Amino acid sequence: MNETLRTFLSRPAGIVGLTILGLVCVVALLAPVISPGSPWDMAGMPFARPGEGGMWLGSDTLGRDVAAGVIHGARVSLLIGVSSTLAALAIGVTMGAIAGFSGGIVDLIIVRVTEVFQTIPNFVLAILLVAILTPSLTTIILAIALVSWPPLARLTRAQVMSVSRREFVHAARCQGQSAVSVLVRHVLPNAISPIIVTGSLTVAAAILIEAALSFMGLGDPNHMSWGYMVGAGRTVIRQAWWMSVFPGLAILITVVAINLVGEALNDALNPRIARS
Amino acid sequence: MSLLSVRELSIALPKGADRALAVDGVNFEIEENRIVCLVGESGSGKSMIAHAILGLLPQGVKPVAGQIGFEGRDLLSLAPAEMKTLRGAGVAMIFQEPLTALNPLKKVGEQVAEAVRIHNPACPAATLTARVEELFIRVGLSDPARLRKSFPFQLSGGQRQRVMIAMALANSPKLLIADEPTTALDVTTQRQILDLIKELQATMGMGVLFITHDIGVVADIADRVVVLKGGQVVEQGDAANLLEAPRDSYTQMLLDAVPGRGSPRSGSLKAAPLLEVQALNKTFVTRQGLLEPPRRVIAADDVQLALREGETLAVVGESGSGKSTLARMVLRLVEPDNGDILWRGVKVRDMNRAALRQYRRKAQIVFQDPWSSLDPRLKIGESILRGPVAFGASRAEAARTARQWLERVGLGGQAFDRFPHEFSGGQRQRICIARALALDPELLIADEAVSALDVSVQSQVLELLAGLKADMGLSMLFITHDLRVAREIADRIIVMQKGRIVEQNTAADLFGNPTDPYTRNLLDAVPGRAFFDRRAGTPILRGAAT
Amino acid sequence: MIIISRLLAKLTGIVLAILVIATINFTLVHSAPGDPASVIAGQSGATDEKFLADLRAEYGLDQPFLVQLGTYIGKIARLDLGYSYRQRRPVTDLILERLGPTLMLTLSAFFLSLIGGVTCGALAGLRHGKWSDLAISLVALLLYATPVFWLGLMLVLVFSVQLEWLPAFGYSDMRSDSFGPLAYAWDVAKHLFLPAVTLGAIYMAVYTRLMRSSLIEVAAEDHVKTARAKGLGEAAILRGHMLRNAALPVVAFAGLQVGAMVGGAVVVETVFSWPGLGRLTFDAVTARDYPVLLGLFLVMSVMVIAVNLLTDLMQRLIDPRMAVN
């Protein structure tokens with residue numbers, strides 16, 4: 001694990017990504033302190049340019065502070081990104097592990113279902129789910145999880161199948177170790193690295209899906225989110241560029257940071273690169 | 001004047017490699033119409049020399065001193081454009097693994113035609129096709145009109161290597177470089193390719209630089225031999241002289257390490273059978289999709305054998321013979337379709353979970369690939385002690401056992417706290433043996449356990465196994481593709497082909513008087529057979545062909 | 001024989017997929033809060049009890065679940081996707097008239113991203129480690145992280161608002177066809193440019209990254225060394241032995257991405273008011289017009305399956321192992 005950490009920290013991309021991500025997390029955690037009050041409240045006159053009226057990122061069509069929105073929006077993005085990924089991991093890893101271990105007809109069925117789910121336009125399904133179940137944090141997380149698990153299931157299946165075919169797993173079985181012990185101590189630890197990496201990239205993808213849903217007007221109406229802000233600024237882009245530019249930048253920076261961390265993790269957890 | 005002269009050649013490795021120079025001050029010459037063998041174990045730098053001649057060294061690896069003279073020019077200082085016109089025309093090269101050496105997405109005929117066309121751009125299409133078919137016939141590929149339209153994946157390993165050779169011959173080169181061209185092939189295919197190279201060399205009058213790790217192959221085809229060790233030449237000379245009377249101790253060791261030189265064992269044991277396999281069948285069925293016809297591969301076809309207590313039984317066969325599947329079925333790592341496996345008369349296939357655990361404790365296995373048979377995340381000691389712990393030993397007790405076994409296999413107790421990647425292939429195989437023996441088994445199954453090792457390491461591991469067997473009274477089921485290894489270690493030998501046992505006999509009788517034509521083929525194909533027979537003084541490895 | 005059984009397998013796969021999608025649709029209608037009939041009606045007729053009762057009869061909503069599912073699938077088989085009570089038109093009609101623009105957008109973005117991604121990725125892979133590789137990789141990293149709707153807005157900001165080079169919204173500015181078909185096509189192309197680039201750019205970034213690593217991998221393969229050993233020049237090696245091999249996993253992955261791309265089209269059409277299925281989706285979401293949404297999901301899925309057949313064919317053209325084996 002030490003060596004993994006060392007490799008991770010030797011990649012500049014990983015450090016940059018981790019720093020930015022850390023900052024975004026701090027902003028999200030301290031949002032009520034940095035920017036007290038509700039981001040939905042009017043803070044000044046509408047259409048204030050950045051810097052005008054004490055609002056350094058300007059205000060929107062209803063006079064709400066764009067900076068406050070960006071700060072509070074970090075909470076929703078991170079929360080939904082992480083929790084929907086965890087849910088997707090739960091579904092995907094379970095399905096993939098079952099398919100990989102059992103093989104045969106169970107495997108065939110799971111693979112088929114996964115393929116269908118991977119084929120259908122996942123964002124459209126997410127829209128349908130959220131629209132029919134009415135938008136809220138829970139339904140959005142559920143919808144994103146339901147459209148994000150197939151790649152994780154495929155990866156887990158492939159990993160489990162390739163690791164359990166390795167000879168040290170046979171050797172462990174011949175040593176008399178129980179099936180659970182072989183699975184927990186030998187197969188999973190050796191299969192998990194790419195799943196962690198893909199999981200971290202899934203967080204980034206989930207944040208993008210959430211933003212797109214909010215942009216389409218399917219965000220949780222009780223929480224300020226970046227996608228909603230860009231969507232609200234869309235129709236007035238000719239008059240007020242700042243309303244859509246800044247929240248969009250916030251999404252871009254957060255997603256880049258997560259991807260950088262994911263790539264550095266990939267290098268660190270991939271023994272082939274780590275060894276050289 | 002010689003065709004190729006290598007003078008004081010040194011090749012540097014990139015920084016951070018285990019040594020600074022891959023090749024250090026090497027001198028040798030290749031005369032026209034001669035076969036020169038570069039022989040050495042892994043890491044000897046033999047392949048680097050071959051690649052340096054055509055400027056094909058991997059990135060970061062550079063020649064730093066010396067010359068390579070060919071037709072009055074120094075190849076090391078050749079301009080890229082000149083080197084390009086030389087490659088595939090004056091000097092051609094073939095590689096170890098013909099499957100990856102051919103472009104998987106192009107028809108093999110096109111790939112050969114390309115080699116002709118580069119050096120004769122004006123060649124008309126009809127002439128080109130005729131030339132390709134002529135080359136195919138030349139290398140013994142029948143039905144060239146059909147084969148040239150095939151893709152590499154549709155050909156067998158031997159056919160692919162023949163295509164590679166056809167490609168190399170396309171412009172009648174003066175020098176052919178062959179980099180371990182038969183290592184990836186089965187032994188009977190290896191024999192055919194060796195014969196082909198030798199025949200082509202003689203009729204076309206080429207010089208050949210042949211790279212190999214197998215001194216048996218050297219004995220079969222070399223006119224001259226250059227022995228490399230750690231990047232330096234330890235000895236060179238005419239093949240006949242050098243092999244008959246090696247002066248250097250390393251050459252001597254290479255010759256002595258070749259397994260299967262002593263007389264094979266003949267005594268058949270009268271002890272009770274420990275393991276019996278009865279009418280075992282297994283067919284692998286792979287399903288492509290819900291409705292597609294499944295593919296079937298027969299791995300065991302009515303396999304019948306018995307292993308007596310204290311006996312070593314070798315199972316020999318080429319790839320696809322089902323020998324490894326047999327080993328796995330004995331341990332129920334793969335379930336057979338039908339038939340019985342008896343352990344001291346008890347049916348293994350009827351054992352419940354607890355009984356199966358106890359059985360596997362008594363029947364341990366060592367696998368082929370030393371790189372994948374140890375969990376990369378566990379320390380060596382941990383990997384070994386988990387076995388005894390699983391059977392109720394305390395950790396301290398198990399750790400003591402593990403250290404003892406690490407001593408016994410010649411690694412020393414300090415290996416206990418280290419990780420697998422710190423060890424070489426041979427050391428890893430010793431660790432795997434320690435892991436297996438720490439459970440105090442009665443039967444050791446070795447599944448190609450020495451096949452991935454250099455010949456000197458291989459002989460050490462075989463010696464270790466023989467010693468352990470004598471000390472512990474182990475029985476052994478030894479799976480191998482190499483008849484020489486089988487002969488070195490086995491009391492009795494079984495020959496398998498496509499899931500079927502074609503012959504089984506005591507080692508002495510099998511080598512002295514093979515009855516099945518396939519066994520005879522295998523024996524005839526053993527590289528260096530004639531030489532080692534002569535060397536041993538008695539023609540023991542006699543085939544029916546003589 | 002093998003071809004027939006393969007074709008059958010493909011067909012059953014498609015039918016299976018459509019059945020799964022129909023089941024998802026149906027389950028959703030039933031798991032929505034409130035009465036399924038009011039979901040089918042959308043928010044328009046939710047108050048009219050007689051109307052709801054008629055709907056229940058039509059969809060057999062008083063029948064057991066499986067019978068209802070059967071009724072629903074039967075309707076789909078007859079291409080009846082229901083009725084939009086909002087727009088007072090059959091859903092099938094609504095979707096069919098919007099299908100063309102979406103296909104135009106998605107396909108042009110698909111080929112744009114694939115060709116652009118393979119080209120840029122090959123350039124970066126060839127100059128592995130040099131500054132041009134770094135530049136391409138950095139742009140790809142940023143594009144890959146950009147929300148597609150925001151990228152669209154930024155392009156509008158630059159190319160329509162600031163530079164005034166291209167139209168920002170819509171399908172065509174021409175009110176009549178008196179200008180002739182060529183002028184009309186040119187006008188549509190101008191309107192198509194920004195949406196197609198927006199949608200294509202994101203996926204181009206994905207394919208660039210994939211192609212780059214794939215080319216670096218192929219460059220280290222044995223058969224490239226063989227090509228060099230027979231005297232081929234670097235350009236010929238690249239053309240004959242590396243590009244096709246490296247593009248193979250990219251095309252395979254592109255096939256998997258078509259679904260995501262159609263989802264992206266929904267957002268892009270919303271940004272650019274492109275009159276396709278995506279814009280229809282946005283309007284249906286805003287109006288909570290559920291029959292239209294359900295129909296859209298089904299049609300878009302079928303569209304993805306159709307494009308998948310196309311990428312399957314492309315792979316078979318590139319890889320002989322797939323065609324024969």
# chains A, B, ... in the order shown; residues from 1 in each chain; ligands from 1

call {"tool": "residues_around", "arguments": {"residues": "Asn190 of chain A", "least_positions_apart": "6", "cutoff": "9 Å", "atoms": "only C-alpha atoms", "output": "VMD selection string"}}
result
(chain A and resid 159 to 160 163) or (chain B and resid 375 to 377)

call {"tool": "interface_residues", "arguments": {"of": "chain A", "to": "chain C", "cutoff": "9 Å", "atoms": "only C-alpha atoms", "output": "PyMOL selection string"}}
result
chain A and resi 112-113+115-125+127-129+131-134+204-205+208-209+211-213+215-218+227+230-231+234+237-238+241+244-245+248-249+251-256+259-260

call {"tool": "atom_distance", "arguments": {"atom1": "atom CA of Ala245 of chain B", "atom2": "atom CA of Asn27 of chain B"}}
result
21.1 Å

call {"tool": "residues_around", "arguments": {"residues": "Phe169 of chain C", "least_positions_apart": "3", "cutoff": "9 Å", "atoms": "only C-alpha atoms", "output": "mmCIF file with N, CA and C atoms, in the first residue's frame"}}
result
data_model
loop_
_atom_site.group_PDB
_atom_site.id
_atom_site.type_symbol
_atom_site.label_atom_id
_atom_site.label_comp_id
_atom_site.auth_asym_id
_atom_site.auth_seq_id
_atom_site.Cartn_x
_atom_site.Cartn_y
_atom_site.Cartn_z
ATOM 1 N N VAL C 156 -21.891 28.955 -28.754
ATOM 2 C CA VAL C 156 -22.845 29.967 -29.191
ATOM 3 C C VAL C 156 -22.308 31.354 -28.846
ATOM 4 N N SER C 172 -33.487 25.988 -39.676
ATOM 5 C CA SER C 172 -33.308 26.741 -40.909
ATOM 6 C C SER C 172 -33.953 28.105 -40.739
ATOM 7 N N HIS C 191 -26.802 25.596 -39.820
ATOM 8 C CA HIS C 191 -27.461 25.427 -38.514
ATOM 9 C C HIS C 191 -26.994 24.160 -37.815
ATOM 10 N N VAL C 271 -30.248 22.857 -26.183
ATOM 11 C CA VAL C 271 -29.446 24.080 -26.222
ATOM 12 C C VAL C 271 -29.671 24.837 -27.519
ATOM 13 N N PHE C 272 -29.671 24.103 -28.637
ATOM 14 C CA PHE C 272 -29.704 24.768 -29.940
ATOM 15 C C PHE C 272 -31.102 24.834 -30.543
ATOM 16 N N SER C 273 -32.135 24.480 -29.777
ATOM 17 C CA SER C 273 -33.500 24.425 -30.306
ATOM 18 C C SER C 273 -33.557 23.670 -31.624
ATOM 19 N N TRP C 274 -32.842 22.590 -31.688
ATOM 20 C CA TRP C 274 -32.832 21.751 -32.893
ATOM 21 C C TRP C 274 -34.096 20.898 -32.864
#

call {"tool": "residues_around", "arguments": {"residues": "segment 123-129 of chain B", "least_positions_apart": "6", "cutoff": "10 Å", "atoms": "only C-alpha atoms", "output": "list in words"}}
result
Gly109, Glu110, Val112, Ala113, Glu114, Val116, Arg117, Leu135, Ala145 and Arg148 of chain B

call {"tool": "interface_residues", "arguments": {"of": "chain B", "to": "chain A", "cutoff": "7 Å", "atoms": "only C-alpha atoms", "output": "JSON, numbers by chain"}}
result
{"B": [357, 360, 361, 364, 367, 372, 373, 374, 375, 387, 390]}

call {"tool": "write_last_selection", "arguments": {"atoms": "all heavy atoms", "output": "short mmCIF file (atom, residue, chain, number, x, y, z; two decimals), in the first residue's frame"}}
result
data_model
loop_
_atom_site.label_atom_id
_atom_site.label_comp_id
_atom_site.auth_asym_id
_atom_site.auth_seq_id
_atom_site.Cartn_x
_atom_site.Cartn_y
_atom_site.Cartn_z
N ARG B 357 -11.20 -31.64 1.17
CA ARG B 357 -10.12 -30.83 1.77
C ARG B 357 -8.99 -31.72 2.25
O ARG B 357 -7.83 -31.46 2.01
CB ARG B 357 -10.68 -30.03 2.95
CG ARG B 357 -11.11 -28.63 2.58
CD ARG B 357 -11.47 -27.86 3.83
NE ARG B 357 -10.30 -27.27 4.45
CZ ARG B 357 -10.16 -27.10 5.75
NH1 ARG B 357 -11.09 -27.51 6.59
NH2 ARG B 357 -9.08 -26.53 6.23
N ARG B 360 -7.09 -33.09 -0.71
CA ARG B 360 -6.22 -32.13 -1.38
C ARG B 360 -4.98 -31.83 -0.55
O ARG B 360 -3.93 -31.48 -1.07
CB ARG B 360 -6.98 -30.83 -1.65
CG ARG B 360 -7.88 -30.93 -2.86
CD ARG B 360 -8.44 -29.58 -3.18
NE ARG B 360 -9.37 -29.62 -4.31
CZ ARG B 360 -10.36 -28.76 -4.47
NH1 ARG B 360 -10.55 -27.81 -3.57
NH2 ARG B 360 -11.13 -28.84 -5.51
N ARG B 361 -5.12 -31.98 0.78
CA ARG B 361 -3.95 -31.79 1.62
C ARG B 361 -2.89 -32.85 1.29
O ARG B 361 -1.70 -32.57 1.29
CB ARG B 361 -4.38 -31.92 3.08
CG ARG B 361 -3.19 -31.89 3.99
CD ARG B 361 -3.54 -32.07 5.43
NE ARG B 361 -2.35 -31.74 6.19
CZ ARG B 361 -2.34 -31.54 7.48
NH1 ARG B 361 -3.45 -31.64 8.17
NH2 ARG B 361 -1.23 -31.25 8.09
N GLN B 364 -0.83 -32.47 -3.35
CA GLN B 364 -0.55 -31.06 -3.60
C GLN B 364 -0.05 -30.85 -5.03
O GLN B 364 0.38 -31.80 -5.70
CB GLN B 364 0.49 -30.56 -2.60
CG GLN B 364 -0.11 -30.25 -1.24
CD GLN B 364 -0.96 -29.00 -1.29
OE1 GLN B 364 -0.51 -27.94 -1.70
NE2 GLN B 364 -2.21 -29.13 -0.88
N PHE B 367 2.38 -25.47 -10.04
CA PHE B 367 1.95 -25.09 -11.38
C PHE B 367 3.10 -24.66 -12.27
O PHE B 367 4.22 -24.45 -11.82
CB PHE B 367 0.93 -23.96 -11.30
CG PHE B 367 -0.36 -24.35 -10.65
CD1 PHE B 367 -0.62 -24.02 -9.34
CD2 PHE B 367 -1.31 -25.06 -11.37
CE1 PHE B 367 -1.81 -24.38 -8.75
CE2 PHE B 367 -2.50 -25.42 -10.78
CZ PHE B 367 -2.75 -25.08 -9.46
N SER B 372 2.42 -16.44 -12.03
CA SER B 372 1.02 -16.29 -11.60
C SER B 372 0.65 -17.27 -10.50
O SER B 372 -0.48 -17.28 -10.05
CB SER B 372 0.08 -16.46 -12.80
OG SER B 372 -0.11 -17.81 -13.08
N SER B 373 1.59 -18.07 -10.03
CA SER B 373 1.16 -19.05 -9.03
C SER B 373 1.41 -18.58 -7.59
O SER B 373 1.15 -19.33 -6.66
CB SER B 373 1.81 -20.41 -9.30
OG SER B 373 3.17 -20.28 -9.54
N LEU B 374 1.90 -17.35 -7.43
CA LEU B 374 1.99 -16.80 -6.08
C LEU B 374 1.17 -15.52 -6.04
O LEU B 374 1.25 -14.69 -6.95
CB LEU B 374 3.45 -16.47 -5.72
CG LEU B 374 4.35 -17.68 -5.47
CD1 LEU B 374 5.80 -17.25 -5.42
CD2 LEU B 374 3.97 -18.35 -4.16
N ASP B 375 0.37 -15.35 -4.99
CA ASP B 375 -0.44 -14.14 -4.84
C ASP B 375 0.50 -12.94 -4.70
O ASP B 375 1.26 -12.86 -3.74
CB ASP B 375 -1.33 -14.27 -3.61
CG ASP B 375 -2.37 -13.14 -3.55
OD1 ASP B 375 -2.08 -12.04 -4.08
OD2 ASP B 375 -3.45 -13.36 -2.99
N GLY B 387 -1.65 -22.59 4.42
CA GLY B 387 -2.05 -23.99 4.28
C GLY B 387 -2.14 -24.67 5.65
O GLY B 387 -3.22 -25.10 6.06
N ALA B 390 -4.89 -23.39 7.76
CA ALA B 390 -6.22 -23.85 7.37
C ALA B 390 -6.52 -25.24 7.93
O ALA B 390 -7.67 -25.62 8.10
CB ALA B 390 -6.33 -23.88 5.84
#

call {"tool": "interface_residues", "arguments": {"of": "chain C", "to": "chain B", "cutoff": "12 Å", "atoms": "only C-alpha atoms", "output": "ChimeraX atom specification"}}
result
/C:1-13,16,218-234,236-237,240-248,315-325

call {"tool": "residues_around", "arguments": {"residues": "segment 79-86 of chain A", "least_positions_apart": "4", "cutoff": "9 Å", "atoms": "only C-alpha atoms", "output": "NGL selection string"}}
result
:A and (74-75 or 90-91 or 137-138 or 140-146 or 148-149 or 199-200 or 202-210)

call {"tool": "residues_around", "arguments": {"residues": "Val27 of chain A", "least_positions_apart": "3", "cutoff": "10 Å", "atoms": "only C-alpha atoms", "output": "PyMOL selection string"}}
result
chain A and resi 21-24+30-35+70-75

call {"tool": "atom_distance", "arguments": {"atom1": "atom CA of Val61 of chain B", "atom2": "atom CA of Gly43 of chain B"}}
result
14.0 Å

call {"tool": "select_by_dssp", "arguments": {"residues": "segment 395-493 of chain B", "states": "strand (DSSP E or B)", "output": "list in words"}}
result
Leu443, Leu444, Ile445, Ala446, Asp447, Ser475, Met476, Leu477, Phe478, Ile479, Thr480, Arg492 and Ile493 of chain B

call {"tool": "write_last_selection", "arguments": {"atoms": "N, CA and C atoms", "output": "PDB file, in the first residue's frame"}}
result
ATOM      1  N   LEU B 443       1.273 -37.127  -2.289  1.00  0.00           N
ATOM      2  CA  LEU B 443       1.399 -37.058  -3.747  1.00  0.00           C
ATOM      3  C   LEU B 443       1.704 -35.618  -4.137  1.00  0.00           C
ATOM      4  N   LEU B 444       2.695 -35.438  -5.006  1.00  0.00           N
ATOM      5  CA  LEU B 444       2.968 -34.103  -5.539  1.00  0.00           C
ATOM      6  C   LEU B 444       2.696 -34.138  -7.037  1.00  0.00           C
ATOM      7  N   ILE B 445       1.793 -33.232  -7.473  1.00  0.00           N
ATOM      8  CA  ILE B 445       1.520 -33.125  -8.904  1.00  0.00           C
ATOM      9  C   ILE B 445       2.304 -31.929  -9.414  1.00  0.00           C
ATOM     10  N   ALA B 446       3.169 -32.150 -10.397  1.00  0.00           N
ATOM     11  CA  ALA B 446       3.941 -31.051 -10.965  1.00  0.00           C
ATOM     12  C   ALA B 446       3.437 -30.814 -12.375  1.00  0.00           C
ATOM     13  N   ASP B 447       2.736 -29.694 -12.580  1.00  0.00           N
ATOM     14  CA  ASP B 447       2.142 -29.407 -13.874  1.00  0.00           C
ATOM     15  C   ASP B 447       3.092 -28.510 -14.664  1.00  0.00           C
ATOM     16  N   SER B 475       5.090 -39.666  -3.799  1.00  0.00           N
ATOM     17  CA  SER B 475       4.764 -40.124  -5.143  1.00  0.00           C
ATOM     18  C   SER B 475       4.600 -38.872  -5.993  1.00  0.00           C
ATOM     19  N   MET B 476       4.866 -38.998  -7.301  1.00  0.00           N
ATOM     20  CA  MET B 476       4.776 -37.796  -8.132  1.00  0.00           C
ATOM     21  C   MET B 476       4.052 -38.071  -9.434  1.00  0.00           C
ATOM     22  N   LEU B 477       3.173 -37.118  -9.781  1.00  0.00           N
ATOM     23  CA  LEU B 477       2.548 -37.131 -11.099  1.00  0.00           C
ATOM     24  C   LEU B 477       3.145 -35.940 -11.825  1.00  0.00           C
ATOM     25  N   PHE B 478       3.936 -36.210 -12.845  1.00  0.00           N
ATOM     26  CA  PHE B 478       4.740 -35.162 -13.450  1.00  0.00           C
ATOM     27  C   PHE B 478       4.247 -34.883 -14.861  1.00  0.00           C
ATOM     28  N   ILE B 479       3.622 -33.712 -15.037  1.00  0.00           N
ATOM     29  CA  ILE B 479       3.079 -33.354 -16.355  1.00  0.00           C
ATOM     30  C   ILE B 479       4.138 -32.562 -17.108  1.00  0.00           C
ATOM     31  N   THR B 480       4.474 -32.956 -18.335  1.00  0.00           N
ATOM     32  CA  THR B 480       5.478 -32.192 -19.083  1.00  0.00           C
ATOM     33  C   THR B 480       5.302 -32.386 -20.581  1.00  0.00           C
ATOM     34  N   ARG B 492       7.699 -44.358 -14.772  1.00  0.00           N
ATOM     35  CA  ARG B 492       6.848 -44.770 -15.881  1.00  0.00           C
ATOM     36  C   ARG B 492       6.378 -43.539 -16.629  1.00  0.00           C
ATOM     37  N   ILE B 493       6.065 -43.706 -17.912  1.00  0.00           N
ATOM     38  CA  ILE B 493       5.672 -42.564 -18.740  1.00  0.00           C
ATOM     39  C   ILE B 493       4.394 -42.890 -19.502  1.00  0.00           C
TER      40      ILE B 493
END

call {"tool": "residues_around", "arguments": {"residues": "Gly345 of chain B", "least_positions_apart": "5", "cutoff": "8 Å", "atoms": "only C-alpha atoms", "output": "number ranges by chain"}}
result
B: 274-276

call {"tool": "closest_residue", "arguments": {"among": "B:Asn281, B:Ser456, B:Gln414, B:Asn513", "to": "Gln252 of chain B", "atoms": "only C-alpha atoms"}}
result
B:Ser456

call {"tool": "closest_residue", "arguments": {"among": "B:Gly412, B:Glu448, B:Pro173, B:Val485", "to": "Ala327 of chain B", "atoms": "only C-alpha atoms"}}
result
B:Glu448
